[in-house]
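Asks: Can you read through this structure? Questions will come right after.
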Amino acid sequence: MKKYPFIRLLLAGLTSIIVATSCTEKIDLKLNNSEPQLVIEANVSNKPGPYTVILSKSRLYYENNAFAGISGAQIILSDNAGNIDTLTEIAAGFYQTNFIQGTIGRTYQLEVSSEGTTYRASCTMPAAVSIDSVVVREETGFNGELDKDARVYFTDPAGIENFYRIIGYKNEVPSSGANIHRDRLWDGKQRNYGVPSGGIETGDTLIANLLSIDARVYQFFNEFNESSGFAQPAAPATPNSMYTPGALGYFSAHAISADTILIP
Amino acid sequence: MKKIFGTVVSAFFFLASLAQSKYTVSGIVKDDKTGEELIGASVYLKDTTGIGTVTNSYGFFSLSIPAGKKILAVRYVGYNDYTLGIDTLANQSINISLTPASKELKAIEITAKKGDDNIKSAEVSAIKLDIKQLEKIPVLFGEKDLLKTIQLLPGVQPAAEGNSGFYVRGGSNDQNLILLDEAPVYNASHLLGFFSTFNNDAIKDATLYKGNMPAEFGGRLSSVLDVKMKEGNSKDYVISGGIGLIASRLNIEGPIVKDKGSFIISGRRTYADVFLKLSKNEALRKSQLFFYDLNAKANYRIGQRDRIFISGYFGQDKFGFRDRFSITYGNTTATTRWNHVFSDKLFSNTSFIYNDFNYTVAINQVSIDVKSVVRDFSLKEDLDFYLNANNKFKFGFLTTFHTIVPGQIVSKDTARLNSILLTKNYGWENAVYAQHEVSIKNKVVINYGIRFSIFSQTGPSKYYKFPDPEVTDTFDLKLGQFGKTYFNAEPRFSISYNFFPKMSFKLAYSRNAQNLHLLSNTTTSFPTDRWVMTSNNVKPEISDQVSGGYFVNFHKDMFELSVEGYFKWLQNQIDYKNGATLRANETVENQLLFGIGRTYGAEFFFKKATGKFTGWVSYTYSRSERKFANINNNTWYPSRFDRTHNLSVVLMYDITPRINVSATWVYYTGLATTFPIGKYFLNGEILPYYGLRNQDRFPDYHRLDIGATFVLKKRSWWEHDLNVSVYNLYARKNAYSIDFTADINSGTAYAEKTYLFRIVPSITYNFKFTVPQVKKKVK
């Protein structure tokens with residue numbers, strides 16, 4: 001869910017009731033073209049490596065989804081403790097670290113040189129917040145049906161700003177989407193959120209990952225949410241780039257707490 | 001500044017010295033049947049050209065005439081002409097009652113103005129709305145709506161499908177000042193904008209000024225919509241009402257003391273929630289969805305010189321989704337007015353005004369309430385001074401104390417969630433103005449004036465400073481302490497040159513300043529959008545508008561044609577950073593971007609005002625652009641309020657005096673928006689890639705509505721009619737929103753539009769019952 005889930009829920013509810021008579025229809029709409037843009041998806045965590053950096057390019061909106069990997073780039077990941085690791089390309093567009101180990105509190109620098117341009121970004125890894133428990137419960141949906149819902153419980157450290165991202169791995173398939181939260185309303189309190197999974201059933205294995213993320217990474221995902229969600233944003237925009245010069249994508253150094261459960 | 005003031009004052013005296021001493025006739029013009037004062041009725045000398053005036057907002061007039069026997073005439077279209085022989089030997093006061101025109105004539109369109117007022121007055125870019133005509137124009141769900149009808153006029157555009165929000169000459173929705181009996185209405189809509197807060201039964205008169213407002217109005221850049229409530233019938237008790245598909249109305253009016261005072265109470269409530277109860281879906285059945293509003297007004301005349309008015313509006317919307325969450329919001333306004341005639345040349349009105357807009361969002365699942373209030377207290381004084389038949393002055397002041405409580409998050413279960421109590425903000429706004437209208441040889445009318453506005457942020461409150469993007473600093477103001485104060489001089493000028501009796505050229509310039517700003521980063525306006533005041537970070541918005549026009553009436557005022565052009569420069573316009581957080585954000589001012597704007601356009605209006613067949617064609621060509629340092633590389637781009645072409649055709653035909661049919665057709669260019677120009681794969685998702693802002697357009701919009709009114713019975717004491725209408729007759733699926741989907745599995749990508757309405761038929765039954773008076777002997 002997004003930043004103010006209740007307000008968004010409310011707006012969505014209001015809109016949906018008012019426009020109960022509304023319908024949708026596919027339309028032919030000409031869109032402007034854009035030059036392919038470089039996309040850099042890079043993650044470092046406190047779990048053992050190797051860590052992966054993925055390079056690809058954007059496509060025109062109505063084209064198919066053949067997002068080809070970008071080969072031949074030179075990628076260097078370094079930290080403020082003096083470790084410098086040059087990544088190895090293991091498949092087209094997929095690059096892996098060789099030895100560097102993510103450590104809480106260190107600042108990481110990423111340098112991607114591709115097609116004559118060098119892109120840089122940096123990120124500091126926050127402290128991990130441990131998971132208290134993962135609980136599966138049955139919940140009645142808006143329309144009265146029973147759904148299984150896994151919720152991750154954790155206690156927010158008091159007195160500091162924390163930013164979280166939750167990723168669920170259902171039978172080893174990671175969830176998509178941002179799923180970010182901040183502790184503005186519940187600083188220092190126990191909190192629980194649904195583990196994104198796309199629906200769980202008895203027998204599934206679910207791994208809940210609670211990521212402590214950097215404020216800048218939170219901002220990136222939040223910009224994405226704010227400019228793409230419902231309630232019709234007036235000016236949808238691509239999030240401000242974390243890279244200099246600008247490239248699409250993000251660089252996140254985060255600490256992970258994980259818990260695995262078998263859905264009863 | 002002293003210099004400007006000095007110049008204005010000396011100009012007043014210079015023009016005043018041109019006057020000769022004459023006698024003054026003053027008084028009130030009323031409707032003979034209901035006792036309602038008539039606004040804008042012409043009062044003139046029949047045998048002497050160039051001596052005439054029009055009644056003010058309270059039906060008051062004052063006319064200087066030479067001594068001797070004269071014939072005084074009063075004209076107001078829809079009423080019989082009135083003449084009176086007078087022999088002026090001293091100043092005198094007379095009250096005039098006009099009788100409504102006979103039945104045959106009544107079938108003719110009743111226009112709330114003298115036939116050629118549009119030509120002669122100096123007002124440019126002003127539209128006086130015809131409340132009675134409004135009842136014939138077909139609208140969505142059959143709910144007659146002032147705010148939707150003005151969207152059919154040149155220079156005014158709807159904010160969205162079926163929405164009562166509107167954009168005037170390329171300005172945003174919050175740049176419109178909507179006044180109900182002088183009280184500002186901050187959110188003039190019900191049900192997310194599908195209905196306006198104005199119940200047509202309670203409205204007497206409405207005028208829209210599209211930027212070139214006289215100096216007496218100020219505070220918003222784009223327009224002032226001045227709505228006046230009815231006073232109530234001062235002769236008979238009348239009960240009227242209507243039953244519609246969505247809402248029912250009841251209106252009661254009558255004398256408090258015959259011919260001395262009257263009252264009116266109008267109420268309205270929707271019953272969509274009744275239908276929800278019938279739903280098979282439990283979620284819908286347990287939901288709430290309704291609004292109601294109440295208008296009430298009373299006035300009492302104390303002697304010949306004084307009159308007291310008390311008027312109020314209360315409206316509320318309630319929406320609840322099961323027991324999970326609900327939103328309640330509404331406006332309250334209250335106005336107390338005192339009219340005093342100091343002398344036959346000086347008319348005064350003093351008003352004390354209160355208005356409040358608030359909402360509460362209750363989220364029961366997590367025991368949270370979000371509460372917000374925008375509240376003003378104002379004192380206003382207006383003086384009309386009628387120096388002589390050719391010189392009229394108006395001056396006064398307005399002082400307003402603003403309070404804004406931004407969406408406070410109040411947690412009822414603090415063990416789980418903390419409250420976020422945002423700082424309340426206070427502001428003190430003052431304005432003084434003076435204007436002079438002079439008519440020269442009945443050929444030229446000049447209206448010039450100036451308004452000085454002063455806005456100060458005040459305590460007790462905490463304010464923020466953002467010396468650079470990484471630093472946030474604060475300062476406190478105690479009660480009575482002032483922070484940043486802004487002073488604006490707003491000159492206003494308009495001239496009308498009547499080079500032929502029925503033809504005129506007009507030219508106007510105005511500057512306006514605005515100190516309250518609505519933050520909304522969605523295309524549809526929600527009650528939860530946030531109002532902020534001018535502060536140390538947010539400067540007053542300023543506009544300068546130049547308008548010119550050519551106006552002609554022909555065939556005995558049966559046809560009116562006007563062409564107007566305008567250019568408007570905007571300063572300190574507000575937009576938002578990417579991903580801005582506007583709600584529940586203490587440092588919201590840090591999320592804003594400031595830039596400039598320009599809008600320009602041409603407006604064509606052709607109207608057939610009288611006859612069995614009436615109506616108009618309105619076409620507007622307009623552009624509205626903005627320029628911000630951080631948006632689109634500091635180049636001009638189309639604003640969210642930019643519609644290039646806008647065409648409205650309104651036709652009304654009286655088949656018989658009892659059957660009337662009408663049709664409206666609208667066409668407009670889709671609003672500027674931003675569509676994706678590419679897509680990319682990140683984090684297991686396909687994401688849209690956006691380029692420059694507002695480079696795309698929604699598809700063009702067009703729609704035909706038809707309506708018919710059948711008068712079932714019409715007697716002096718009882719009448720009722722049936723109104724049938726069809727919205728969107730040819731069922732065009734106009735896009736309300738457009739969503740893009742790139743499916744990750746199938747690899748297909750497509751655009752999908754959401755449309756709100758196909759054909760919407762509706763039916764409304766209206767009635768009016770006048771309580772027979774005992775002495776009348778009704779058979």
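By convention here, the chains of the structure tokens are called A, B, ... in the order presented, each chain's residues are numbered starting at 1, and ligands are numbered starting at 1 in the order presented.
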What's around Ala751 (chain B) at 9 Å? Count only C-alpha atoms, leave out sequence neighbours fewer than 4 positions away in its own chain, and write the answer as a tab-separated table (two decimals) with N, CA, C and O atoms, in the first residue's frame.

Replies:
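Wrote it out as around.tsv, contents follow:
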chain	number	residue	atom	x	y	z
A	25	GLU	N	-13.18	1.33	-21.55
A	25	GLU	CA	-13.12	0.85	-22.93
A	25	GLU	C	-11.72	1.13	-23.45
A	25	GLU	O	-11.16	2.20	-23.21
A	26	LYS	N	-11.16	0.14	-24.16
A	26	LYS	CA	-9.83	0.36	-24.76
A	26	LYS	C	-9.95	1.38	-25.89
A	26	LYS	O	-10.93	1.38	-26.62
A	27	ILE	N	-8.95	2.22	-26.00
A	27	ILE	CA	-8.99	3.21	-27.07
A	27	ILE	C	-7.66	3.24	-27.81
A	27	ILE	O	-6.63	2.85	-27.27
A	28	ASP	N	-7.75	3.72	-29.04
A	28	ASP	CA	-6.53	3.95	-29.82
A	28	ASP	C	-6.06	5.35	-29.52
A	28	ASP	O	-6.76	6.31	-29.76
A	29	LEU	N	-4.87	5.42	-28.99
A	29	LEU	CA	-4.36	6.74	-28.61
A	29	LEU	C	-2.92	6.79	-29.05
A	29	LEU	O	-2.12	5.93	-28.70
B	738	ILE	N	-7.82	8.41	-18.39
B	738	ILE	CA	-7.20	7.44	-19.29
B	738	ILE	C	-6.10	6.73	-18.52
B	738	ILE	O	-5.26	7.36	-17.89
B	739	ASP	N	-6.17	5.41	-18.52
B	739	ASP	CA	-5.16	4.62	-17.83
B	739	ASP	C	-4.39	3.81	-18.83
B	739	ASP	O	-4.94	3.37	-19.85
B	740	PHE	N	-3.13	3.56	-18.52
B	740	PHE	CA	-2.28	2.78	-19.41
B	740	PHE	C	-1.90	1.49	-18.72
B	740	PHE	O	-1.57	1.47	-17.55
B	741	THR	N	-1.97	0.40	-19.47
B	741	THR	CA	-1.62	-0.89	-18.91
B	741	THR	C	-0.63	-1.57	-19.84
B	741	THR	O	-0.88	-1.66	-21.04
B	742	ALA	N	0.49	-2.00	-19.28
B	742	ALA	CA	1.44	-2.80	-20.04
B	742	ALA	C	1.48	-4.14	-19.34
B	742	ALA	O	1.96	-4.24	-18.21

Asks: Name the residues in contact with Thr155 (chain A) at a cut-off of 9 Å, using only C-alpha atoms, excluding same-chain residues fewer than 2 positions from it; report them as a ChimeraX atom specification.

Replies: /A:129-132,153,157-158,188-192

Asks: Please find the residues of chain B near chain A - the criterion being any atom within 8 Å, counting only C-alpha atoms - and write them as an MDAnalysis selection string.

Replies: chainID B and resid 191 281:283 319 321 325:326 363 415:420 521:524 578:580 640 673:685 688:691 693:694 737 742 744 747:757

Asks: Considering only C-alpha atoms, return as an NGL selection string whatever protein or nucleic-acid residues lie within 7 Å of Phe487 (chain B), sequence-local ones (same chain, fewer than 5 positions apart) excluded.

Replies: :B and (453-455)

Asks: Keeping N, CA and C atoms for every residue in the selection just given, could you write it to a file as a PDB file, in the first residue's frame?

Replies:
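Generated output (result-v1.pdb):
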ATOM      1  N   SER B 453      -4.785  45.990  -1.109  1.00  0.00           N
ATOM      2  CA  SER B 453      -4.961  44.826  -0.255  1.00  0.00           C
ATOM      3  C   SER B 453      -3.691  44.573   0.544  1.00  0.00           C
ATOM      4  N   ILE B 454      -3.888  44.222   1.794  1.00  0.00           N
ATOM      5  CA  ILE B 454      -2.776  43.982   2.713  1.00  0.00           C
ATOM      6  C   ILE B 454      -3.015  42.642   3.380  1.00  0.00           C
ATOM      7  N   PHE B 455      -2.017  41.785   3.307  1.00  0.00           N
ATOM      8  CA  PHE B 455      -2.156  40.477   3.943  1.00  0.00           C
ATOM      9  C   PHE B 455      -0.990  40.239   4.886  1.00  0.00           C
TER      10      PHE B 455
END

Asks: Which parts of region 538-771 of chain B does DSSP call strand (DSSP E or B) when run on the backbone here, written out as a PyMOL selection string?

Replies: chain B and resi 541-554+559-576+592-608+613-628+637-638+645-656+659-668+672-673+676-682+685-690+696-697+701-714+718-727+737-742+749-755+760-770

Asks: Now that the selection is made, can you save its residues with C-alpha atoms as a compact mmCIF listing (two decimals), in the first residue's frame?

Replies:
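The resulting file, again02.txt, is shown below:
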# COMPACT_ATOMS: atom_id res chain seq x y z
CA GLU B 541 -0.61 35.33 -6.71
CA ILE B 542 -0.99 38.33 -9.01
CA SER B 543 -2.74 38.76 -12.33
CA ASP B 544 -2.89 41.60 -14.82
CA GLN B 545 -5.63 41.35 -17.39
CA VAL B 546 -6.36 43.49 -20.41
CA SER B 547 -9.68 42.91 -22.17
CA GLY B 548 -11.31 44.57 -25.10
CA GLY B 549 -14.63 43.95 -26.75
CA TYR B 550 -17.15 44.95 -29.36
CA PHE B 551 -20.83 44.73 -28.44
CA VAL B 552 -23.80 45.20 -30.71
CA ASN B 553 -27.56 44.71 -30.37
CA PHE B 554 -29.88 44.70 -33.33
CA PHE B 559 -30.18 39.82 -31.02
CA GLU B 560 -26.94 40.41 -29.15
CA LEU B 561 -23.50 39.87 -30.53
CA SER B 562 -20.24 40.32 -28.74
CA VAL B 563 -16.60 39.66 -29.46
CA GLU B 564 -14.07 39.93 -26.66
CA GLY B 565 -10.36 39.37 -26.49
CA TYR B 566 -8.13 39.19 -23.43
CA PHE B 567 -4.56 38.71 -22.38
CA LYS B 568 -3.66 37.87 -18.80
CA TRP B 569 -0.24 37.75 -17.14
CA LEU B 570 0.12 35.69 -13.98
CA GLN B 571 2.78 35.84 -11.27
CA ASN B 572 3.60 33.54 -8.34
CA GLN B 573 1.64 30.61 -9.70
CA ILE B 574 1.89 27.40 -7.71
CA ASP B 575 2.81 23.91 -8.83
CA TYR B 576 4.29 20.91 -7.07
CA LEU B 592 5.77 23.82 -3.87
CA LEU B 593 7.23 25.35 -7.00
CA PHE B 594 6.55 28.90 -8.11
CA GLY B 595 6.33 30.19 -11.65
CA ILE B 596 4.58 32.52 -14.04
CA GLY B 597 1.70 32.13 -16.43
CA ARG B 598 0.06 33.73 -19.43
CA THR B 599 -3.39 33.16 -20.86
CA TYR B 600 -5.06 34.71 -23.85
CA GLY B 601 -8.10 34.13 -25.94
CA ALA B 602 -11.01 35.36 -27.99
CA GLU B 603 -14.65 34.93 -27.05
CA PHE B 604 -17.60 35.10 -29.42
CA PHE B 605 -21.17 35.24 -28.20
CA PHE B 606 -24.35 35.44 -30.23
CA LYS B 607 -27.68 35.46 -28.48
CA LYS B 608 -31.30 35.68 -29.43
CA PHE B 613 -37.24 30.85 -29.94
CA THR B 614 -34.28 31.92 -27.82
CA GLY B 615 -30.78 30.74 -27.12
CA TRP B 616 -27.16 31.40 -27.82
CA VAL B 617 -23.97 30.22 -29.44
CA SER B 618 -20.75 30.73 -27.53
CA TYR B 619 -17.31 30.02 -28.91
CA THR B 620 -14.01 30.55 -27.12
CA TYR B 621 -10.50 30.17 -28.45
CA SER B 622 -8.04 30.23 -25.59
CA ARG B 623 -4.56 29.28 -24.48
CA SER B 624 -3.29 28.95 -20.93
CA GLU B 625 0.41 28.42 -20.35
CA ARG B 626 2.80 28.26 -17.42
CA LYS B 627 6.55 28.53 -16.98
CA PHE B 628 8.40 27.09 -13.98
CA TYR B 637 3.97 24.58 -21.44
CA PRO B 638 0.17 24.21 -21.56
CA HIS B 645 -11.62 25.39 -28.54
CA ASN B 646 -14.81 25.58 -26.57
CA LEU B 647 -18.22 25.74 -28.23
CA SER B 648 -21.66 25.78 -26.60
CA VAL B 649 -25.00 25.96 -28.36
CA VAL B 650 -28.10 26.52 -26.24
CA LEU B 651 -31.57 26.50 -27.83
CA MET B 652 -34.93 27.03 -26.17
CA TYR B 653 -38.30 27.02 -27.86
CA ASP B 654 -41.74 27.74 -26.45
CA ILE B 655 -44.04 25.49 -28.46
CA THR B 656 -47.03 26.83 -26.55
CA ILE B 659 -44.69 23.53 -23.35
CA ASN B 660 -41.09 24.49 -23.66
CA VAL B 661 -38.30 22.42 -25.16
CA SER B 662 -34.57 23.01 -24.97
CA ALA B 663 -31.30 21.54 -26.14
CA THR B 664 -27.64 22.18 -25.48
CA TRP B 665 -24.64 20.93 -27.36
CA VAL B 666 -21.10 21.38 -26.16
CA TYR B 667 -17.79 20.68 -27.80
CA TYR B 668 -14.36 21.26 -26.36
CA ALA B 672 -3.62 19.06 -21.61
CA THR B 673 -2.16 16.06 -19.82
CA PRO B 676 3.81 7.93 -21.10
CA ILE B 677 6.33 8.16 -23.93
CA GLY B 678 7.92 4.82 -23.11
CA LYS B 679 8.09 2.01 -20.58
CA TYR B 680 10.82 0.23 -18.68
CA PHE B 681 11.31 -2.86 -16.58
CA LEU B 682 12.29 -2.42 -12.96
CA GLU B 685 7.29 -4.50 -12.92
CA ILE B 686 6.75 -2.59 -16.11
CA LEU B 687 6.71 1.11 -15.38
CA PRO B 688 5.62 4.01 -17.56
CA TYR B 689 8.28 6.46 -18.66
CA TYR B 690 7.11 10.08 -18.79
CA ASP B 696 -0.61 15.35 -24.65
CA ARG B 697 -4.35 15.92 -24.76
CA TYR B 701 -15.33 16.14 -25.75
CA HIS B 702 -18.83 16.65 -27.10
CA ARG B 703 -22.30 16.02 -25.80
CA LEU B 704 -25.95 16.78 -26.55
CA ASP B 705 -28.57 17.25 -23.84
CA ILE B 706 -32.27 17.84 -24.37
CA GLY B 707 -35.08 18.82 -22.07
CA ALA B 708 -38.74 19.74 -21.96
CA THR B 709 -40.96 21.46 -19.42
CA PHE B 710 -44.69 20.86 -19.36
CA VAL B 711 -46.75 23.27 -17.30
CA LEU B 712 -49.53 21.10 -15.89
CA LYS B 713 -51.52 23.88 -14.35
CA LYS B 714 -51.02 27.55 -13.82
CA TRP B 718 -51.31 27.06 -7.63
CA GLU B 719 -48.97 25.97 -10.38
CA HIS B 720 -47.05 22.82 -11.12
CA ASP B 721 -44.94 21.50 -13.94
CA LEU B 722 -43.01 18.50 -15.06
CA ASN B 723 -39.47 18.70 -16.38
CA VAL B 724 -37.96 15.88 -18.40
CA SER B 725 -34.39 15.84 -19.61
CA VAL B 726 -31.86 13.54 -21.21
CA TYR B 727 -28.17 14.05 -20.59
CA SER B 737 -9.68 9.46 -17.24
CA ILE B 738 -7.20 7.44 -19.29
CA ASP B 739 -5.16 4.62 -17.83
CA PHE B 740 -2.28 2.78 -19.41
CA THR B 741 -1.62 -0.89 -18.91
CA ALA B 742 1.44 -2.80 -20.04
CA ALA B 749 0.18 -2.58 -23.91
CA TYR B 750 -2.92 -0.49 -24.34
CA ALA B 751 -4.70 2.69 -23.29
CA GLU B 752 -8.09 2.45 -21.64
CA LYS B 753 -10.53 5.25 -20.99
CA THR B 754 -13.04 5.50 -18.17
CA TYR B 755 -16.27 7.26 -19.01
CA VAL B 760 -28.88 9.75 -18.29
CA PRO B 761 -32.63 10.49 -18.41
CA SER B 762 -34.25 12.32 -15.55
CA ILE B 763 -37.59 13.69 -14.50
CA THR B 764 -38.46 16.39 -11.99
CA TYR B 765 -41.83 17.54 -10.70
CA ASN B 766 -42.09 21.13 -9.45
CA PHE B 767 -44.91 22.89 -7.66
CA LYS B 768 -45.72 26.29 -6.23
CA PHE B 769 -48.54 27.08 -3.87
CA THR B 770 -49.40 30.57 -2.72

Asks: Within 9 Å of Asn590 (chain B), counting only C-alpha atoms, which residues show up once you throw out same-chain ones fewer than 4 positions away? Write them as a list in words, please.

Replies: Tyr464, Lys465, Phe466, Pro469, Thr472, Asn537 and Lys577 of chain B

Asks: Using Å and a single decimal, report how far CA of Lys30 (chain B) sits from CA of Met229 (chain B).

Replies: 15.2 Å

Asks: If we count only C-alpha atoms and set the cut-off at 8 Å, which residues sit around region 473-482 of chain B, ignoring sequence neighbours fewer than 5 positions away in its own chain? Please answer as an MDAnalysis selection string.

Replies: chainID B and resid 456:467

Asks: Emit the selected residues as a short mmCIF file (atom, residue, chain, number, x, y, z; two decimals), in the first residue's frame, including all heavy atoms.

Replies:
data_model
loop_
_atom_site.label_atom_id
_atom_site.label_comp_id
_atom_site.auth_asym_id
_atom_site.auth_seq_id
_atom_site.Cartn_x
_atom_site.Cartn_y
_atom_site.Cartn_z
N SER B 456 -1.30 39.83 6.12
CA SER B 456 -0.24 39.54 7.09
C SER B 456 -0.43 38.15 7.66
O SER B 456 -1.53 37.77 8.03
CB SER B 456 -0.31 40.50 8.28
OG SER B 456 -0.24 41.83 7.85
N GLN B 457 0.66 37.39 7.74
CA GLN B 457 0.59 36.13 8.48
C GLN B 457 0.71 36.49 9.95
O GLN B 457 1.48 37.37 10.32
CB GLN B 457 1.66 35.13 8.02
CG GLN B 457 3.08 35.59 8.15
CD GLN B 457 4.11 34.52 7.75
OE1 GLN B 457 5.27 34.81 7.62
NE2 GLN B 457 3.70 33.29 7.54
N THR B 458 -0.08 35.85 10.79
CA THR B 458 -0.08 36.20 12.21
C THR B 458 0.00 34.96 13.07
O THR B 458 -0.13 33.85 12.59
CB THR B 458 -1.37 36.97 12.59
OG1 THR B 458 -2.46 36.07 12.52
CG2 THR B 458 -1.64 38.15 11.70
N GLY B 459 0.20 35.19 14.36
CA GLY B 459 0.26 34.10 15.32
C GLY B 459 -1.08 33.92 16.00
O GLY B 459 -2.04 34.59 15.64
N PRO B 460 -1.19 33.04 16.97
CA PRO B 460 -0.11 32.20 17.47
C PRO B 460 0.13 30.99 16.57
O PRO B 460 -0.75 30.16 16.43
CB PRO B 460 -0.64 31.76 18.84
CG PRO B 460 -2.13 31.75 18.71
CD PRO B 460 -2.46 32.81 17.69
N SER B 461 1.31 30.94 15.98
CA SER B 461 1.59 29.84 15.07
C SER B 461 3.08 29.71 14.84
O SER B 461 3.85 30.63 15.13
CB SER B 461 0.87 30.09 13.74
OG SER B 461 1.02 28.99 12.91
N LYS B 462 3.43 28.55 14.29
CA LYS B 462 4.83 28.30 13.94
C LYS B 462 4.93 28.33 12.42
O LYS B 462 4.07 27.77 11.74
CB LYS B 462 5.23 26.92 14.48
CG LYS B 462 6.67 26.56 14.22
CD LYS B 462 7.12 25.37 15.07
CE LYS B 462 6.60 24.06 14.51
NZ LYS B 462 7.11 22.90 15.24
N TYR B 463 5.95 29.00 11.90
CA TYR B 463 6.13 29.07 10.46
C TYR B 463 7.51 28.52 10.08
O TYR B 463 8.42 28.51 10.90
CB TYR B 463 5.96 30.50 9.96
CG TYR B 463 4.53 30.98 10.08
CD1 TYR B 463 4.11 31.68 11.21
CD2 TYR B 463 3.61 30.70 9.09
CE1 TYR B 463 2.80 32.10 11.35
CE2 TYR B 463 2.29 31.12 9.22
CZ TYR B 463 1.89 31.82 10.34
OH TYR B 463 0.59 32.21 10.46
N TYR B 464 7.62 28.09 8.87
CA TYR B 464 8.85 27.44 8.41
C TYR B 464 9.62 28.29 7.42
O TYR B 464 9.02 29.02 6.62
CB TYR B 464 8.53 26.09 7.77
CG TYR B 464 8.07 25.09 8.79
CD1 TYR B 464 6.74 25.03 9.17
CD2 TYR B 464 8.98 24.24 9.40
CE1 TYR B 464 6.31 24.15 10.15
CE2 TYR B 464 8.57 23.35 10.37
CZ TYR B 464 7.24 23.30 10.74
OH TYR B 464 6.83 22.41 11.70
N LYS B 465 10.94 28.15 7.47
CA LYS B 465 11.80 28.78 6.48
C LYS B 465 12.63 27.67 5.85
O LYS B 465 13.02 26.72 6.53
CB LYS B 465 12.74 29.79 7.16
CG LYS B 465 12.06 31.06 7.57
CD LYS B 465 13.07 32.12 7.97
CE LYS B 465 13.57 31.88 9.38
NZ LYS B 465 14.30 33.03 9.94
N PHE B 466 12.90 27.81 4.59
CA PHE B 466 13.71 26.79 3.89
C PHE B 466 14.87 27.48 3.21
O PHE B 466 14.83 27.72 2.00
CB PHE B 466 12.85 26.03 2.88
CG PHE B 466 11.58 25.49 3.48
CD1 PHE B 466 10.36 26.10 3.24
CD2 PHE B 466 11.62 24.38 4.31
CE1 PHE B 466 9.19 25.61 3.80
CE2 PHE B 466 10.47 23.88 4.88
CZ PHE B 466 9.25 24.49 4.63
N PRO B 467 15.89 27.82 3.99
CA PRO B 467 17.01 28.58 3.41
C PRO B 467 17.69 27.84 2.25
O PRO B 467 18.13 28.45 1.30
CB PRO B 467 17.97 28.78 4.58
CG PRO B 467 17.48 27.91 5.69
CD PRO B 467 16.06 27.60 5.43
#
